[in-house]
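> File follows, run_15.cif with mmCIF, C-alpha atoms:
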data_query
#
loop_
_atom_site.group_PDB
_atom_site.id
_atom_site.type_symbol
_atom_site.label_atom_id
_atom_site.label_comp_id
_atom_site.auth_asym_id
_atom_site.auth_seq_id
_atom_site.Cartn_x
_atom_site.Cartn_y
_atom_site.Cartn_z
ATOM 1 C CA MET K 1 -2.096 26.005 -3.047
ATOM 2 C CA HIS K 2 0.335 25.059 -5.829
ATOM 3 C CA TYR K 3 3.239 25.160 -3.382
ATOM 4 C CA PHE K 4 1.304 23.049 -0.886
ATOM 5 C CA PHE K 5 0.836 20.307 -3.507
ATOM 6 C CA LEU K 6 4.509 20.574 -4.437
ATOM 7 C CA TYR K 7 5.774 20.209 -0.866
ATOM 8 C CA SER K 8 3.379 17.380 -0.031
ATOM 9 C CA ALA K 9 4.560 15.566 -3.185
ATOM 10 C CA ILE K 10 8.170 15.991 -2.053
ATOM 11 C CA ALA K 11 7.307 14.641 1.413
ATOM 12 C CA LEU K 12 5.493 11.687 -0.162
ATOM 13 C CA THR K 13 8.515 10.912 -2.321
ATOM 14 C CA ILE K 14 10.699 10.693 0.785
ATOM 15 C CA ILE K 15 8.070 8.539 2.550
ATOM 16 C CA ILE K 16 7.817 6.174 -0.436
ATOM 17 C CA ALA K 17 11.591 5.622 -0.341
ATOM 18 C CA ILE K 18 11.461 4.227 3.241
ATOM 19 C CA PRO K 19 10.156 0.659 2.446
ATOM 20 C CA MET K 20 13.081 0.162 0.035
ATOM 21 C CA VAL K 21 15.036 -0.809 3.182
ATOM 22 C CA ARG K 22 12.693 -3.789 3.583
ATOM 23 C CA VAL K 23 13.008 -4.638 -0.117
ATOM 24 C CA VAL K 24 16.796 -4.805 0.160
ATOM 25 C CA LYS K 25 17.203 -6.656 3.470
ATOM 26 C CA GLY K 26 13.894 -8.527 3.898
ATOM 27 C CA PRO K 27 14.471 -12.031 5.332
ATOM 28 C CA THR K 28 11.901 -13.827 3.190
ATOM 29 C CA LEU K 29 10.547 -13.431 -0.337
ATOM 30 C CA PHE K 30 7.151 -12.338 0.999
ATOM 31 C CA ASP K 31 8.619 -9.325 2.785
ATOM 32 C CA ARG K 32 10.078 -8.071 -0.466
ATOM 33 C CA ILE K 33 6.794 -8.563 -2.324
ATOM 34 C CA LEU K 34 4.890 -6.800 0.472
ATOM 35 C CA ALA K 35 7.231 -3.806 0.396
ATOM 36 C CA THR K 36 7.062 -3.464 -3.404
ATOM 37 C CA ASN K 37 3.261 -3.693 -3.186
ATOM 38 C CA ALA K 38 3.215 -0.925 -0.570
ATOM 39 C CA ILE K 39 5.399 1.251 -2.812
ATOM 40 C CA ALA K 40 3.024 0.654 -5.737
ATOM 41 C CA THR K 41 -0.051 1.659 -3.728
ATOM 42 C CA LYS K 42 1.599 4.833 -2.443
ATOM 43 C CA THR K 43 2.684 5.838 -5.942
ATOM 44 C CA ILE K 44 -1.040 6.183 -6.823
ATOM 45 C CA VAL K 45 -1.287 9.188 -4.493
ATOM 46 C CA LEU K 46 1.948 10.635 -5.871
ATOM 47 C CA ILE K 47 0.625 10.515 -9.454
ATOM 48 C CA CYS K 48 -2.609 12.258 -8.355
ATOM 49 C CA LEU K 49 -0.616 15.037 -6.664
ATOM 50 C CA THR K 50 1.575 15.359 -9.771
ATOM 51 C CA GLY K 51 -1.575 15.919 -11.816
ATOM 52 C CA TYR K 52 -2.554 18.816 -9.553
ATOM 53 C CA ILE K 53 0.969 20.290 -9.709
ATOM 54 C CA PHE K 54 0.884 20.383 -13.518
ATOM 55 C CA GLY K 55 -2.781 21.447 -13.536
ATOM 56 C CA ARG K 56 -3.876 18.566 -15.780
ATOM 57 C CA ILE K 57 -5.716 16.229 -13.417
ATOM 58 C CA ASP K 58 -8.098 15.029 -16.175
ATOM 59 C CA MET K 59 -5.157 13.383 -17.968
ATOM 60 C CA PHE K 60 -3.275 12.064 -14.941
ATOM 61 C CA ILE K 61 -6.343 10.486 -13.342
ATOM 62 C CA ASP K 62 -6.602 7.893 -16.153
ATOM 63 C CA ILE K 63 -2.924 7.016 -15.697
ATOM 64 C CA THR K 64 -3.633 6.571 -11.989
ATOM 65 C CA LEU K 65 -6.527 4.179 -12.626
ATOM 66 C CA ALA K 66 -4.451 2.054 -15.000
ATOM 67 C CA TYR K 67 -1.530 2.008 -12.562
ATOM 68 C CA ALA K 68 -3.759 0.961 -9.651
ATOM 69 C CA ILE K 69 -5.248 -1.921 -11.630
ATOM 70 C CA LEU K 70 -1.809 -3.094 -12.826
ATOM 71 C CA GLY K 71 -0.312 -3.042 -9.323
ATOM 72 C CA PHE K 72 -3.254 -4.958 -7.816
ATOM 73 C CA LEU K 73 -3.113 -7.561 -10.608
ATOM 74 C CA GLY K 74 0.624 -8.110 -10.206
ATOM 75 C CA SER K 75 0.310 -8.612 -6.451
ATOM 76 C CA ILE K 76 -2.578 -11.095 -6.811
ATOM 77 C CA VAL K 77 -0.818 -13.059 -9.558
ATOM 78 C CA ILE K 78 2.426 -13.392 -7.570
ATOM 79 C CA ALA K 79 0.523 -14.504 -4.444
ATOM 80 C CA LYS K 80 -1.466 -17.101 -6.363
ATOM 81 C CA TYR K 81 1.680 -18.375 -8.070
ATOM 82 C CA LEU K 82 3.574 -18.791 -4.801
ATOM 83 C CA SER K 83 0.677 -20.595 -3.105
ATOM 84 C CA SER K 84 0.031 -23.007 -5.978
ATOM 85 C CA TYR K 85 0.516 -26.717 -5.356
ATOM 86 C CA LYS K 86 3.148 -27.315 -8.043
ATOM 87 C CA VAL K 87 5.509 -24.572 -6.817
ATOM 88 C CA ARG K 88 5.226 -25.729 -3.199
ATOM 89 C CA ARG K 89 6.028 -29.332 -4.177
ATOM 90 C CA GLN K 90 9.041 -28.191 -6.210
ATOM 91 C CA ARG K 91 10.349 -26.177 -3.256
ATOM 92 C CA GLU K 92 9.958 -29.115 -0.869
ATOM 93 C CA GLN K 93 11.858 -31.387 -3.236
ATOM 94 C CA GLU K 94 14.641 -28.818 -3.524
ATOM 95 C CA GLU K 95 14.874 -28.562 0.250
ATOM 96 C CA LEU K 96 15.080 -32.322 0.595
ATOM 97 C CA MET B 1 -11.798 29.247 1.771
ATOM 98 C CA ILE B 2 -13.312 26.609 4.041
ATOM 99 C CA GLN B 3 -13.039 24.150 1.133
ATOM 100 C CA ILE B 4 -9.280 24.716 0.824
ATOM 101 C CA SER B 5 -8.697 24.451 4.559
ATOM 102 C CA PHE B 6 -10.575 21.129 4.775
ATOM 103 C CA SER B 7 -8.592 19.861 1.777
ATOM 104 C CA VAL B 8 -5.265 20.797 3.418
ATOM 105 C CA LEU B 9 -6.337 19.146 6.686
ATOM 106 C CA PHE B 10 -7.305 15.890 4.938
ATOM 107 C CA ILE B 11 -4.087 15.746 2.897
ATOM 108 C CA ILE B 12 -1.874 16.334 5.949
ATOM 109 C CA LEU B 13 -3.784 13.658 7.942
ATOM 110 C CA GLY B 14 -3.396 11.205 5.073
ATOM 111 C CA ILE B 15 0.331 11.857 4.744
ATOM 112 C CA ILE B 16 0.741 11.230 8.493
ATOM 113 C CA PHE B 17 -1.078 7.873 8.169
ATOM 114 C CA ILE B 18 1.025 6.900 5.137
ATOM 115 C CA LEU B 19 4.181 7.794 7.085
ATOM 116 C CA MET B 20 3.073 5.542 9.966
ATOM 117 C CA GLY B 21 2.473 2.622 7.609
ATOM 118 C CA SER B 22 5.814 3.183 5.933
ATOM 119 C CA ILE B 23 7.688 3.160 9.246
ATOM 120 C CA GLY B 24 5.743 0.072 10.349
ATOM 121 C CA ILE B 25 6.923 -1.907 7.311
ATOM 122 C CA VAL B 26 10.535 -1.275 8.309
ATOM 123 C CA ARG B 27 10.317 -1.547 12.098
ATOM 124 C CA LEU B 28 7.884 -4.374 12.953
ATOM 125 C CA PRO B 29 9.385 -7.799 13.734
ATOM 126 C CA ASP B 30 7.262 -10.254 11.760
ATOM 127 C CA PHE B 31 5.871 -10.760 8.257
ATOM 128 C CA TYR B 32 2.258 -10.803 9.447
ATOM 129 C CA SER B 33 2.571 -7.650 11.546
ATOM 130 C CA ARG B 34 4.310 -5.948 8.613
ATOM 131 C CA SER B 35 1.414 -6.946 6.387
ATOM 132 C CA HIS B 36 -1.007 -5.475 8.951
ATOM 133 C CA ALA B 37 0.894 -2.156 8.924
ATOM 134 C CA ALA B 38 1.049 -2.089 5.143
ATOM 135 C CA SER B 39 -2.606 -2.830 4.467
ATOM 136 C CA LYS B 40 -4.603 -0.917 7.088
ATOM 137 C CA SER B 41 -2.830 2.377 7.567
ATOM 138 C CA ASP B 42 -1.938 2.704 3.887
ATOM 139 C CA THR B 43 -5.554 2.234 2.843
ATOM 140 C CA LEU B 44 -6.750 4.864 5.322
ATOM 141 C CA GLY B 45 -4.010 7.316 4.348
ATOM 142 C CA ILE B 46 -4.644 6.997 0.617
ATOM 143 C CA MET B 47 -8.385 7.432 1.188
ATOM 144 C CA PHE B 48 -7.727 10.590 3.223
ATOM 145 C CA VAL B 49 -5.396 12.153 0.629
ATOM 146 C CA ILE B 50 -7.640 11.401 -2.342
ATOM 147 C CA GLY B 51 -10.673 12.568 -0.327
ATOM 148 C CA GLY B 52 -8.849 15.848 0.282
ATOM 149 C CA LEU B 53 -8.210 16.196 -3.450
ATOM 150 C CA MET B 54 -11.927 15.519 -4.045
ATOM 151 C CA VAL B 55 -12.862 18.310 -1.629
ATOM 152 C CA TYR B 56 -10.452 20.650 -3.439
ATOM 153 C CA GLU B 57 -11.857 19.697 -6.859
ATOM 154 C CA GLY B 58 -15.548 20.151 -6.084
ATOM 155 C CA PHE B 59 -18.255 18.579 -8.248
ATOM 156 C CA SER B 60 -16.819 17.548 -11.619
ATOM 157 C CA GLN B 61 -15.940 14.522 -13.721
ATOM 158 C CA SER B 62 -12.436 14.284 -12.251
ATOM 159 C CA SER B 63 -13.965 14.182 -8.779
ATOM 160 C CA LEU B 64 -16.104 11.197 -9.817
ATOM 161 C CA LYS B 65 -13.003 9.416 -11.123
ATOM 162 C CA LEU B 66 -11.214 10.114 -7.835
ATOM 163 C CA LEU B 67 -14.198 8.542 -6.053
ATOM 164 C CA PHE B 68 -13.769 5.456 -8.265
ATOM 165 C CA ILE B 69 -10.090 5.296 -7.288
ATOM 166 C CA ILE B 70 -11.073 5.425 -3.593
ATOM 167 C CA LEU B 71 -13.581 2.598 -4.097
ATOM 168 C CA PHE B 72 -11.043 0.507 -6.014
ATOM 169 C CA ILE B 73 -8.312 0.936 -3.386
ATOM 170 C CA TRP B 74 -10.802 0.275 -0.601
ATOM 171 C CA LEU B 75 -11.565 -3.091 -2.226
ATOM 172 C CA SER B 76 -8.210 -4.079 -3.694
ATOM 173 C CA ASN B 77 -5.602 -3.259 -1.040
ATOM 174 C CA PRO B 78 -6.978 -5.593 1.703
ATOM 175 C CA ILE B 79 -7.588 -8.328 -0.893
ATOM 176 C CA GLY B 80 -3.991 -8.219 -2.118
ATOM 177 C CA SER B 81 -2.609 -8.186 1.409
ATOM 178 C CA HIS B 82 -4.847 -11.092 2.430
ATOM 179 C CA ALA B 83 -3.793 -13.159 -0.584
ATOM 180 C CA LEU B 84 -0.128 -12.556 0.216
ATOM 181 C CA ALA B 85 -0.580 -13.494 3.898
ATOM 182 C CA ARG B 86 -2.461 -16.654 2.853
ATOM 183 C CA ALA B 87 0.376 -17.650 0.524
ATOM 184 C CA ALA B 88 2.895 -17.094 3.336
ATOM 185 C CA LEU B 89 0.828 -19.207 5.742
ATOM 186 C CA LYS B 90 0.580 -22.013 3.182
ATOM 187 C CA LYS B 91 4.323 -21.877 2.633
ATOM 188 C CA GLY B 92 4.864 -22.298 6.369
ATOM 189 C CA ILE B 93 6.147 -18.978 7.706
ATOM 190 C CA LYS B 94 5.499 -18.930 11.470
ATOM 191 C CA PRO B 95 4.414 -15.862 13.446
ATOM 192 C CA VAL B 96 6.785 -14.554 16.135
ATOM 193 C CA LEU B 97 4.544 -15.550 19.062
ATOM 194 C CA TYR B 98 3.942 -19.066 17.719
ATOM 195 C CA LYS B 99 6.698 -20.867 19.691
ATOM 196 C CA ARG B 100 5.830 -19.227 22.982
ATOM 197 C CA SER B 101 2.167 -20.301 22.827
ATOM 198 C CA SER B 102 3.079 -23.884 21.892
ATOM 199 C CA LYS B 103 5.459 -24.104 24.871
ATOM 200 C CA LYS B 104 2.702 -22.880 27.148
ATOM 201 C CA GLU B 105 0.438 -25.674 25.918
ATOM 202 C CA GLU B 106 3.107 -28.301 26.620
ATOM 203 C CA GLY B 107 3.945 -27.059 30.129
#
For this file, write the structure as structure tokens.

Amino acid sequence: MHYFFLYSAIALTIIIAIPMVRVVKGPTLFDRILATNAIATKTIVLICLTGYIFGRIDMFIDITLAYAILGFLGSIVIAKYLSSYKVRRQREQEEL
Amino acid sequence: MIQISFSVLFIILGIIFILMGSIGIVRLPDFYSRSHAASKSDTLGIMFVIGGLMVYEGFSQSSLKLLFIILFIWLSNPIGSHALARAALKKGIKPVLYKRSSKKEEG
């Protein structure tokens, strides 16, 4: 079972690296934010599997909770900032 | 034994769903369809994998914390995706099919 966790963690690491393509070449700012958010949510599973590989899930689970809350908060804050009235008005003035 | 086999099944199913969401972020043509791929299939895949770990763990305190993580992701991932899509719509990013439908209304 230890080797199963190890190989699934390796597969997840490769899967997590795929959205980096969208981060690098995304046409708009929102694509990049979406891809980084997807990477952050998938890393939660990777940390859980790492806890089972090392056999110390009771320690790693707290790290996972803190990481999940931080990733969610960052995504919400960036979305609210980009949709605020002041930022939109500044952008329109720059485009004009 | 049946516990371990169910756990392996759930984890493999979840990794397949996460792989589909990850490919969808790269391949789909539009911001809104990419957001759809990122939010739905990722949420289901993460719930499957952590559910498999819960089945492997059995009844304990760590299992309860894993259940809290499932509940938190179940609430937070669609909320974050929705907030991002709302910000994009306010900024004025058009969907791919937008022009075609407006032409149909004119003609």
> As a check of understanding, name the residues that the PyMOL selection byres ((chain B) within 7 of (chain K)) selects in the supplied structure, as an mmCIF file with C-alpha atoms, in the frame of the given file.

data_model
loop_
_atom_site.group_PDB
_atom_site.id
_atom_site.type_symbol
_atom_site.label_atom_id
_atom_site.label_comp_id
_atom_site.auth_asym_id
_atom_site.auth_seq_id
_atom_site.Cartn_x
_atom_site.Cartn_y
_atom_site.Cartn_z
ATOM 1 C CA LEU B 19 4.181 7.794 7.085
ATOM 2 C CA SER B 22 5.814 3.183 5.933
ATOM 3 C CA ILE B 25 6.923 -1.907 7.311
ATOM 4 C CA VAL B 26 10.535 -1.275 8.309
ATOM 5 C CA PHE B 31 5.871 -10.760 8.257
ATOM 6 C CA SER B 35 1.414 -6.946 6.387
ATOM 7 C CA ALA B 38 1.049 -2.089 5.143
ATOM 8 C CA ILE B 46 -4.644 6.997 0.617
ATOM 9 C CA SER B 62 -12.436 14.284 -12.251
ATOM 10 C CA ILE B 69 -10.090 5.296 -7.288
ATOM 11 C CA SER B 76 -8.210 -4.079 -3.694
ATOM 12 C CA GLY B 80 -3.991 -8.219 -2.118
ATOM 13 C CA ALA B 83 -3.793 -13.159 -0.584
ATOM 14 C CA LEU B 84 -0.128 -12.556 0.216
ATOM 15 C CA ALA B 87 0.376 -17.650 0.524
ATOM 16 C CA ALA B 88 2.895 -17.094 3.336
ATOM 17 C CA LYS B 90 0.580 -22.013 3.182
ATOM 18 C CA LYS B 91 4.323 -21.877 2.633
#
> Once the PyMOL selection byres ((chain B and resi 67) around 12) is applied to the coordinates I shared, what remains selected? I want it as a VMD selection string.
(chain K and resid 61 65) or (chain B and resid 46 to 55 57 to 66 68 to 74)
> Let me have the centre and edge lengths in Å, one decimal, of the box along x, y and z around every listed atom of region 31-42 of chain B with 5 Å of margin on each side, as JSON.

{"center_x": 0.6, "center_y": -4.0, "center_z": 7.7, "size_x": 20.5, "size_y": 23.5, "size_z": 17.7}
> Record the distance separating CA of Thr43 (chain B) and CA of Pro78 (chain B), expressed in Å with one decimal.
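Between these atoms lies a distance of 8.0 Å.
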> Can you work out the spacing between CA of Ile18 (chain B) and CA of Tyr32 (chain B) in Å, to one decimal?
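Taking CA of Ile18 (chain B) and CA of Tyr32 (chain B), their separation equals 18.3 Å.
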> Just checking: using all atoms listed in the file, which residue out of K:Thr50, K:Gly55, K:Ala40, K:Lys86 ends up closest to Tyr67 (chain K)?
K:Ala40
> Can you measure CA of Ser7 (chain B) to CA of Ala66 (chain K) for me? One decimal in Å is fine.
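So the two atoms, CA of Ser7 (chain B) and CA of Ala66 (chain K), lie 24.8 Å apart.
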> Looking at all atoms listed in the file, which of K:Ile47, K:Arg56, K:Thr36, K:Gln93 is the one that sits closest to Thr13 (chain K)?
K:Ile47
